[in-house]
Every structure is written in C-alpha cells, then in structure tokens.
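File shown: my_file.csv (CSV, C-alpha atoms).
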chain,number,residue,atom,x,y,z
G,1467,MET,CA,6.9,25.5,10.9
G,1468,ILE,CA,6.2,21.8,10.2
G,1469,SER,CA,5.8,21.0,6.5
G,1470,GLU,CA,2.6,19.4,5.1
G,1471,LYS,CA,4.7,16.4,4.1
G,1472,THR,CA,5.9,15.9,7.7
G,1473,LYS,CA,2.4,16.2,9.0
G,1474,MET,CA,1.1,13.7,6.4
G,1475,ILE,CA,3.8,11.0,7.1
G,1476,SER,CA,3.3,11.5,10.9
G,1477,GLY,CA,-0.5,10.9,10.6
G,1478,LYS,CA,-1.6,14.5,11.4
G,1479,LEU,CA,-4.1,16.5,9.4
G,1480,TYR,CA,-2.4,17.9,6.3
G,1481,ASP,CA,-3.3,19.8,3.2
G,1482,PRO,CA,-3.1,17.4,0.2
G,1483,LEU,CA,-3.0,20.4,-2.2
G,1484,ASP,CA,0.4,21.5,-0.8
G,1485,PRO,CA,2.6,22.1,-3.9
G,1486,VAL,CA,5.3,19.8,-2.7
G,1487,LEU,CA,2.8,16.9,-2.2
G,1488,VAL,CA,1.1,17.6,-5.5
G,1489,GLU,CA,4.4,17.4,-7.3
G,1490,GLU,CA,5.5,14.2,-5.6
G,1491,ARG,CA,2.1,12.6,-6.5
G,1492,ARG,CA,2.5,13.7,-10.1
G,1493,LEU,CA,6.0,12.1,-10.3
G,1494,ALA,CA,4.6,8.9,-8.8
G,1495,ARG,CA,1.8,8.9,-11.4
G,1496,ILE,CA,4.4,9.3,-14.2
G,1497,ARG,CA,6.5,6.5,-12.8
G,1498,ALA,CA,3.6,4.2,-12.3
G,1499,LYS,CA,2.3,4.9,-15.9
G,1500,ALA,CA,5.8,4.1,-17.3
G,1501,PHE,CA,5.9,0.9,-15.3
G,1502,ASN,CA,2.3,-0.1,-16.2
G,1503,ASP,CA,3.0,0.5,-19.9
G,1504,SER,CA,6.3,-1.4,-19.9
G,1505,LEU,CA,6.6,-4.7,-21.7
G,1506,GLU,CA,7.2,-7.9,-19.7
G,1507,LEU,CA,9.8,-8.9,-22.3
G,1508,ASN,CA,12.1,-6.0,-21.2
G,1509,THR,CA,12.6,-7.2,-17.6
G,1510,GLU,CA,15.6,-5.0,-16.9
G,1511,SER,CA,13.9,-1.8,-17.9
G,1512,ARG,CA,10.7,-2.8,-15.9
G,1513,LEU,CA,12.7,-3.5,-12.8
G,1514,ARG,CA,14.5,-0.1,-13.1
G,1515,LEU,CA,11.1,1.6,-13.4
G,1516,LEU,CA,9.9,-0.2,-10.3
G,1517,GLN,CA,12.9,0.8,-8.3
G,1518,GLU,CA,12.3,4.4,-9.2
G,1519,LEU,CA,8.6,4.1,-8.1
G,1520,LEU,CA,9.3,2.0,-5.0
G,1521,PRO,CA,12.8,3.0,-3.7
G,1522,ASN,CA,12.3,1.2,-0.4
G,1523,ALA,CA,11.7,-2.3,-1.8
G,1524,GLY,CA,13.8,-5.4,-1.0
G,1525,ARG,CA,15.1,-8.0,-3.4
G,1526,ASN,CA,12.9,-10.0,-5.8
G,1527,LEU,CA,9.9,-7.8,-5.9
G,1528,TRP,CA,7.5,-8.7,-8.6
G,1529,ILE,CA,4.4,-6.6,-9.5
G,1530,GLU,CA,2.0,-7.4,-12.3
G,1531,PRO,CA,0.8,-4.2,-13.9
G,1532,PRO,CA,-1.3,-2.2,-13.5
G,1533,PHE,CA,-0.2,-1.0,-10.1
G,1534,TYR,CA,-1.1,2.3,-8.5
G,1535,CYS,CA,0.1,4.3,-5.5
G,1536,ASP,CA,0.1,7.9,-4.2
G,1537,TYR,CA,3.8,8.4,-3.6
G,1538,GLY,CA,5.7,5.1,-3.6
G,1539,SER,CA,8.4,6.5,-1.3
G,1540,ASN,CA,6.3,5.7,1.8
G,1541,ILE,CA,6.0,2.0,0.9
G,1542,TYR,CA,8.6,-0.3,2.6
G,1543,ILE,CA,8.7,-3.8,1.2
G,1544,GLY,CA,10.8,-6.8,2.3
G,1545,ASP,CA,12.3,-9.5,0.1
G,1546,ASP,CA,10.4,-11.9,-2.3
G,1547,VAL,CA,7.1,-10.1,-2.4
G,1548,TYR,CA,4.5,-10.6,-5.2
G,1549,PHE,CA,1.7,-8.3,-6.1
G,1550,ASN,CA,-0.9,-9.6,-8.6
G,1551,PHE,CA,-2.7,-7.4,-11.2
G,1552,ASN,CA,-4.5,-4.2,-10.4
G,1553,CYS,CA,-3.3,-3.4,-6.8
G,1554,VAL,CA,-3.6,0.0,-5.2
G,1555,VAL,CA,-1.6,1.4,-2.2
G,1556,LEU,CA,-2.5,4.8,-0.8
G,1557,ASP,CA,0.7,5.5,1.0
G,1558,VAL,CA,0.2,8.9,2.7
G,1559,CYS,CA,1.6,7.2,5.8
G,1560,THR,CA,4.0,4.3,5.8
G,1561,VAL,CA,2.9,1.0,4.4
G,1562,CYS,CA,5.3,-1.7,5.6
G,1563,ILE,CA,5.1,-5.1,3.9
G,1564,GLY,CA,7.2,-7.9,5.2
G,1565,SER,CA,9.1,-10.6,3.3
G,1566,ARG,CA,7.6,-13.5,1.3
G,1567,VAL,CA,4.2,-11.8,1.1
G,1568,LYS,CA,1.7,-12.7,-1.7
G,1569,ILE,CA,-0.8,-10.1,-2.5
G,1570,GLY,CA,-3.8,-11.2,-4.7
G,1571,PRO,CA,-5.3,-9.3,-7.6
G,1572,SER,CA,-7.2,-6.0,-6.9
G,1573,VAL,CA,-6.0,-5.8,-3.3
G,1574,GLN,CA,-6.2,-2.3,-1.9
G,1575,LEU,CA,-4.1,-1.0,1.0
G,1576,TYR,CA,-5.5,2.3,2.3
G,1577,ALA,CA,-3.3,4.3,4.7
G,1578,ALA,CA,-5.2,7.4,3.6
G,1579,THR,CA,-8.4,8.5,5.5
G,1580,HIS,CA,-10.5,11.6,6.2
G,1581,PRO,CA,-12.0,13.2,9.3
G,1582,LEU,CA,-15.4,11.8,10.3
G,1583,GLY,CA,-16.8,15.2,11.3
G,1584,TYR,CA,-18.2,17.0,8.2
G,1585,ARG,CA,-16.9,20.4,9.3
G,1586,GLU,CA,-13.3,19.2,9.6
G,1587,ARG,CA,-13.7,17.0,6.5
G,1588,SER,CA,-15.1,19.9,4.4
G,1589,SER,CA,-11.8,21.8,5.1
G,1590,GLY,CA,-10.2,19.6,2.5
G,1591,ARG,CA,-7.6,18.4,5.0
G,1592,GLU,CA,-7.0,14.7,5.4
G,1593,PHE,CA,-4.7,12.3,7.4
G,1594,GLY,CA,-3.4,8.8,7.4
G,1595,LYS,CA,-2.7,5.8,9.6
G,1596,PRO,CA,0.2,3.5,8.9
G,1597,ILE,CA,-0.3,-0.1,7.7
G,1598,GLU,CA,1.9,-3.0,8.8
G,1599,ILE,CA,1.8,-6.4,7.1
G,1600,GLY,CA,4.1,-9.1,8.6
G,1601,ASP,CA,6.2,-11.8,6.9
G,1602,ASP,CA,4.8,-14.8,5.1
G,1603,ILE,CA,1.3,-13.4,4.6
G,1604,TRP,CA,-1.1,-14.2,1.8
G,1605,ILE,CA,-3.8,-11.6,1.1
G,1606,GLY,CA,-6.5,-12.9,-1.2
G,1607,GLY,CA,-7.8,-11.1,-4.2
G,1608,GLY,CA,-10.1,-8.1,-3.8
G,1609,ALA,CA,-9.3,-7.6,-0.1
G,1610,ILE,CA,-9.2,-4.1,1.4
G,1611,ILE,CA,-6.8,-3.2,4.2
G,1612,CYS,CA,-8.0,-0.1,6.0
G,1613,PRO,CA,-5.9,2.6,7.6
G,1614,GLY,CA,-4.0,1.8,10.8
G,1615,VAL,CA,-4.3,-2.0,10.4
G,1616,ARG,CA,-1.6,-4.5,11.5
G,1617,ILE,CA,-1.6,-8.0,10.2
G,1618,GLY,CA,0.6,-10.5,12.0
G,1619,ALA,CA,3.1,-12.9,10.4
G,1620,ARG,CA,2.0,-16.1,8.7
G,1621,THR,CA,-1.6,-15.0,8.4
G,1622,VAL,CA,-3.9,-15.6,5.4
G,1623,ILE,CA,-6.6,-13.0,4.6
G,1624,GLY,CA,-9.5,-14.4,2.6
G,1625,ALA,CA,-10.5,-13.0,-0.8
G,1626,GLY,CA,-12.9,-10.0,-0.7
G,1627,SER,CA,-12.3,-9.3,3.0
G,1628,VAL,CA,-12.4,-5.8,4.5
G,1629,VAL,CA,-9.8,-5.6,7.2
G,1630,THR,CA,-10.8,-2.8,9.6
G,1631,LYS,CA,-8.9,-3.9,12.7
G,1632,ASP,CA,-5.6,-5.7,13.6
G,1633,ILE,CA,-5.4,-9.4,12.8
G,1634,PRO,CA,-3.0,-11.6,14.9
G,1635,ALA,CA,-0.2,-13.8,13.6
G,1636,GLY,CA,-0.8,-17.3,12.3
G,1637,VAL,CA,-4.5,-17.2,11.5
G,1638,PHE,CA,-7.0,-17.4,8.6
G,1639,ALA,CA,-9.2,-14.4,8.7
G,1640,ALA,CA,-12.0,-13.4,6.3
G,1641,GLY,CA,-15.2,-11.5,5.9
G,1642,ASN,CA,-16.6,-8.0,6.1
G,1643,PRO,CA,-15.6,-6.9,8.6
G,1644,CYS,CA,-12.7,-9.4,8.6
G,1645,SER,CA,-12.4,-11.6,11.6
G,1646,VAL,CA,-10.4,-14.6,12.7
G,1647,ILE,CA,-11.9,-17.9,11.4
G,1648,ARG,CA,-9.3,-20.3,12.7
G,1649,THR,CA,-5.6,-20.7,13.7
G,1650,ILE,CA,-3.3,-22.1,11.0
G,1651,VAL,CA,-1.2,-25.1,12.0
G,1652,ASP,CA,1.8,-25.6,9.7
G,1653,GLN,CA,2.4,-29.2,8.5
As structure tokens, what does this structure read like?
Amino acid sequence: MISEKTKMISGKLYDPLDPVLVEERRLARIRAKAFNDSLELNTESRLRLLQELLPNAGRNLWIEPPFYCDYGSNIYIGDDVYFNFNCVVLDVCTVCIGSRVKIGPSVQLYAATHPLGYRERSSGREFGKPIEIGDDIWIGGGAIICPGVRIGARTVIGAGSVVTKDIPAGVFAAGNPCSVIRTIVDQ
C-alpha cells in the first residue's frame, strides 16, 4: 500500500490528516518558529535552525524572518539564495529553487492545491504540483507562484504578479495573470 506521504510528494490525492504528515508539519512549525524567533546577532544558531528546517538547501542561503513552510524537506534550494521578509512556501510537492535567486518580501510559492469538483474537494483530500524556479531569477515582492509553474532562468517576475502558467527564460513578466512583457537583454 502506498503511503499518504508518497502520494503527496508524487502529486496524487492524499489525506493531509494522515498522522505521519501531521507530525512532519508540526515539526516544521516548531523549527520555523524557532528560526523566526532567533536573533540576527546569533548568526551561527540561526543558520543551524535554518539547516534543520530546510535540509536540502545549498550554500549561502539567507532568509529574513518570518518564513513559513509546510514541511521544509520538500524544498530544494541552490547556492546564494535570498528570501526577504514574510515568505511562504507550501511544499506538499517539490519546490526547486535554483542558484542566485532573489525572492522579494511576502512572496508565496504554492505547490499545494485542491480538487476543483466540490464532491472530491469535500472529501478533505488534496494534492500538489511541483514548482521549479531556475537560476538567476528575481521574484518581486508580493508575487504568488501557483502550483505546477516553471520559471526559466534569468527571468524577472514583477511585484504583485500571480503566476498561473510557465514563464520562459530571460524575460520580464508581470501582471495578474502574469504574462511576458519583454525579453531581457543583458548589458
């Protein structure tokens, strides 16, 4: 029999009230609270707390508290990544963030979703779709990245955008729904 956790990570309908998942979310909340309450002056302790919460992160990760996530263990982060204040990552599926990514304040990454049909939705079961964010990306403050979205390398997402579909590499995209505004030409 397939575990609810395996179903969750693979994007299948799962029961979020499964005791294993409830306990893993509880531990993530405890770790996030400890990180969020930590003092900036104690950098070593803060980094240790962050490594416990996000064990799949690369070098030089910096997150401004508060930061919130469902599990932490389903978030994969490259090197030299920065999260500004008040970010949320709902990581019921994998959320992969490349290297040298800048994430503005109050950005929300939602891999979690629910069935559209009310009968299935009322069962309490939910599912997720993975999110992929390439290298060298800047996501402006208040942006929302929806389930299943891929953002190509070197792209900039404008502040307040709602990204509902894939965005290609090397563009500036903005709006609700987010769409490509123009190609970015490096100088």
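Taking all atoms listed in the file into account, Asp1545 of chain G lies nearest to G:Lys1568 out of the set G:Lys1568, G:Arg1591, G:Lys1471, G:Arg1616.
For Ala1609 of chain G, the list of residues within 6 Å, based on all atoms listed in the file and with local chain neighbours fewer than 4 positions off taken out, reads Val1573, Ala1625, Gly1626, Ser1627 and Val1628 of chain G.
In this model, the gap between atom CA of Ile1475 of chain G and atom CA of Gly1538 of chain G comes to 12.4 Å.
Interatomic distance, atom CA of Arg1620 of chain G against atom CA of Gly1636 of chain G: 4.7 Å.
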Note to self: Report, in Å to a single decimal, how far apart atom CA of Ile1543 of chain G and atom CA of Ser1565 of chain G are.
What the structure shows: 7.1 Å
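By chain and then residue number, the residues within 9 Å of Leu1520 of chain G are Leu1515, Leu1516, Gln1517, Glu1518, Asn1522, Ala1523, Tyr1537, Gly1538, Ser1539, Asn1540, Ile1541, Tyr1542 and Ile1543 of chain G, counting all atoms listed in the file and disregarding those fewer than 2 positions away in sequence.
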Note to self: Quick one: residues within 12 Å of segment 1577-1582 of chain G, only C-alpha atoms, excluding same-chain residues fewer than 3 positions away - as a PyMOL selection string?
What the structure shows: chain G and resi 1474-1482+1535-1537+1540-1541+1554-1562+1574+1585-1598+1610-1616+1630
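Distance check against Lys1499 of chain G using all atoms listed in the file: of G:Lys1473, G:Gly1524, G:Ala1619, G:Tyr1534, the minimum falls on G:Tyr1534.
If you measure from each of G:Ile1468, G:Ile1647, G:Leu1519, G:Asn1508 to Arg1492 of chain G using all atoms listed in the file, the closest one turns out to be G:Leu1519.
Minimum atom-to-atom distance to Ile1623 of chain G, evaluated using all atoms listed in the file, belongs to G:Ala1640 out of G:Asn1550, G:Ala1640, G:Glu1489, G:Gly1607.
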Next item on the list: Extract, using all atoms listed in the file, all DNA, RNA and protein residues at most 12 Å from Tyr1548 of chain G, discarding same-chain residues fewer than 2 positions from it, and format them as a ChimeraX atom specification.
Entry: /G:1523-1531,1533,1543-1546,1550-1551,1553,1563-1571,1573,1602-1606
Kindly add all heavy atoms to the incomplete segment 1486-1497 of chain G and provide the output as an mmCIF file, keeping the file's coordinate frame.
data_model
loop_
_atom_site.group_PDB
_atom_site.id
_atom_site.type_symbol
_atom_site.label_atom_id
_atom_site.label_comp_id
_atom_site.auth_asym_id
_atom_site.auth_seq_id
_atom_site.Cartn_x
_atom_site.Cartn_y
_atom_site.Cartn_z
ATOM 1 N N VAL G 1486 4.304 20.832 -2.793
ATOM 2 C CA VAL G 1486 5.300 19.800 -2.700
ATOM 3 C C VAL G 1486 4.645 18.403 -2.852
ATOM 4 O O VAL G 1486 5.107 17.531 -3.596
ATOM 5 C CB VAL G 1486 6.105 19.865 -1.389
ATOM 6 C CG1 VAL G 1486 6.978 18.648 -1.168
ATOM 7 C CG2 VAL G 1486 6.938 21.139 -1.363
ATOM 8 N N LEU G 1487 3.530 18.210 -2.152
ATOM 9 C CA LEU G 1487 2.800 16.900 -2.200
ATOM 10 C C LEU G 1487 2.206 16.696 -3.585
ATOM 11 O O LEU G 1487 2.246 15.578 -4.105
ATOM 12 C CB LEU G 1487 1.763 16.861 -1.119
ATOM 13 C CG LEU G 1487 2.300 16.898 0.310
ATOM 14 C CD1 LEU G 1487 1.161 16.896 1.312
ATOM 15 C CD2 LEU G 1487 3.258 15.753 0.564
ATOM 16 N N VAL G 1488 1.662 17.734 -4.171
ATOM 17 C CA VAL G 1488 1.100 17.600 -5.500
ATOM 18 C C VAL G 1488 2.156 17.177 -6.509
ATOM 19 O O VAL G 1488 1.932 16.279 -7.330
ATOM 20 C CB VAL G 1488 0.423 18.947 -5.955
ATOM 21 C CG1 VAL G 1488 0.070 18.930 -7.428
ATOM 22 C CG2 VAL G 1488 -0.811 19.230 -5.099
ATOM 23 N N GLU G 1489 3.336 17.765 -6.423
ATOM 24 C CA GLU G 1489 4.400 17.400 -7.300
ATOM 25 C C GLU G 1489 4.911 15.979 -7.094
ATOM 26 O O GLU G 1489 5.177 15.246 -8.054
ATOM 27 C CB GLU G 1489 5.587 18.402 -7.180
ATOM 28 C CG GLU G 1489 6.794 18.085 -8.042
ATOM 29 C CD GLU G 1489 6.518 18.109 -9.543
ATOM 30 O OE1 GLU G 1489 5.451 18.603 -9.986
ATOM 31 O OE2 GLU G 1489 7.372 17.608 -10.299
ATOM 32 N N GLU G 1490 5.026 15.573 -5.840
ATOM 33 C CA GLU G 1490 5.500 14.200 -5.600
ATOM 34 C C GLU G 1490 4.449 13.180 -6.067
ATOM 35 O O GLU G 1490 4.838 12.132 -6.599
ATOM 36 C CB GLU G 1490 5.723 14.021 -4.059
ATOM 37 C CG GLU G 1490 6.995 14.715 -3.620
ATOM 38 C CD GLU G 1490 7.361 14.429 -2.176
ATOM 39 O OE1 GLU G 1490 6.852 13.444 -1.594
ATOM 40 O OE2 GLU G 1490 8.173 15.189 -1.637
ATOM 41 N N ARG G 1491 3.154 13.481 -5.929
ATOM 42 C CA ARG G 1491 2.100 12.600 -6.500
ATOM 43 C C ARG G 1491 2.183 12.540 -7.990
ATOM 44 O O ARG G 1491 2.038 11.478 -8.599
ATOM 45 C CB ARG G 1491 0.727 12.989 -6.005
ATOM 46 C CG ARG G 1491 0.426 12.633 -4.581
ATOM 47 C CD ARG G 1491 -1.058 12.759 -4.255
ATOM 48 N NE ARG G 1491 -1.637 14.034 -4.615
ATOM 49 C CZ ARG G 1491 -1.664 15.101 -3.814
ATOM 50 N NH1 ARG G 1491 -1.101 15.067 -2.613
ATOM 51 N NH2 ARG G 1491 -2.241 16.217 -4.225
ATOM 52 N N ARG G 1492 2.441 13.688 -8.608
ATOM 53 C CA ARG G 1492 2.500 13.700 -10.100
ATOM 54 C C ARG G 1492 3.691 12.872 -10.561
ATOM 55 O O ARG G 1492 3.532 12.097 -11.511
ATOM 56 C CB ARG G 1492 2.733 15.195 -10.534
ATOM 57 C CG ARG G 1492 2.696 15.383 -12.050
ATOM 58 C CD ARG G 1492 3.017 16.823 -12.446
ATOM 59 N NE ARG G 1492 4.427 17.137 -12.272
ATOM 60 C CZ ARG G 1492 5.401 16.741 -13.108
ATOM 61 N NH1 ARG G 1492 5.120 16.024 -14.165
ATOM 62 N NH2 ARG G 1492 6.649 17.074 -12.882
ATOM 63 N N LEU G 1493 4.840 12.962 -9.901
ATOM 64 C CA LEU G 1493 6.000 12.100 -10.300
ATOM 65 C C LEU G 1493 5.684 10.646 -10.091
ATOM 66 O O LEU G 1493 6.075 9.813 -10.929
ATOM 67 C CB LEU G 1493 7.224 12.529 -9.490
ATOM 68 C CG LEU G 1493 7.869 13.857 -9.880
ATOM 69 C CD1 LEU G 1493 8.985 14.217 -8.905
ATOM 70 C CD2 LEU G 1493 8.381 13.816 -11.305
ATOM 71 N N ALA G 1494 4.994 10.300 -9.016
ATOM 72 C CA ALA G 1494 4.600 8.900 -8.800
ATOM 73 C C ALA G 1494 3.687 8.406 -9.883
ATOM 74 O O ALA G 1494 3.821 7.275 -10.372
ATOM 75 C CB ALA G 1494 3.986 8.724 -7.416
ATOM 76 N N ARG G 1495 2.761 9.249 -10.317
ATOM 77 C CA ARG G 1495 1.800 8.900 -11.400
ATOM 78 C C ARG G 1495 2.578 8.631 -12.713
ATOM 79 O O ARG G 1495 2.291 7.684 -13.443
ATOM 80 C CB ARG G 1495 0.757 9.921 -11.626
ATOM 81 C CG ARG G 1495 -0.106 10.304 -10.459
ATOM 82 C CD ARG G 1495 -1.119 9.251 -10.059
ATOM 83 N NE ARG G 1495 -2.111 9.704 -9.111
ATOM 84 C CZ ARG G 1495 -1.902 9.939 -7.822
ATOM 85 N NH1 ARG G 1495 -0.706 9.853 -7.323
ATOM 86 N NH2 ARG G 1495 -2.887 10.269 -7.022
ATOM 87 N N ILE G 1496 3.547 9.495 -12.982
ATOM 88 C CA ILE G 1496 4.400 9.300 -14.200
ATOM 89 C C ILE G 1496 5.141 8.035 -14.141
ATOM 90 O O ILE G 1496 5.188 7.273 -15.115
ATOM 91 C CB ILE G 1496 5.292 10.558 -14.382
ATOM 92 C CG1 ILE G 1496 4.477 11.805 -14.747
ATOM 93 C CG2 ILE G 1496 6.364 10.272 -15.435
ATOM 94 C CD1 ILE G 1496 5.258 13.102 -14.673
ATOM 95 N N ARG G 1497 5.755 7.759 -13.003
ATOM 96 C CA ARG G 1497 6.500 6.500 -12.800
ATOM 97 C C ARG G 1497 5.639 5.291 -12.921
ATOM 98 O O ARG G 1497 6.002 4.283 -13.533
ATOM 99 C CB ARG G 1497 7.305 6.559 -11.532
ATOM 100 C CG ARG G 1497 8.429 7.571 -11.538
ATOM 101 C CD ARG G 1497 9.115 7.668 -10.200
ATOM 102 N NE ARG G 1497 10.241 8.579 -10.289
ATOM 103 C CZ ARG G 1497 10.601 9.413 -9.337
ATOM 104 N NH1 ARG G 1497 9.929 9.444 -8.183
ATOM 105 N NH2 ARG G 1497 11.630 10.211 -9.496
#
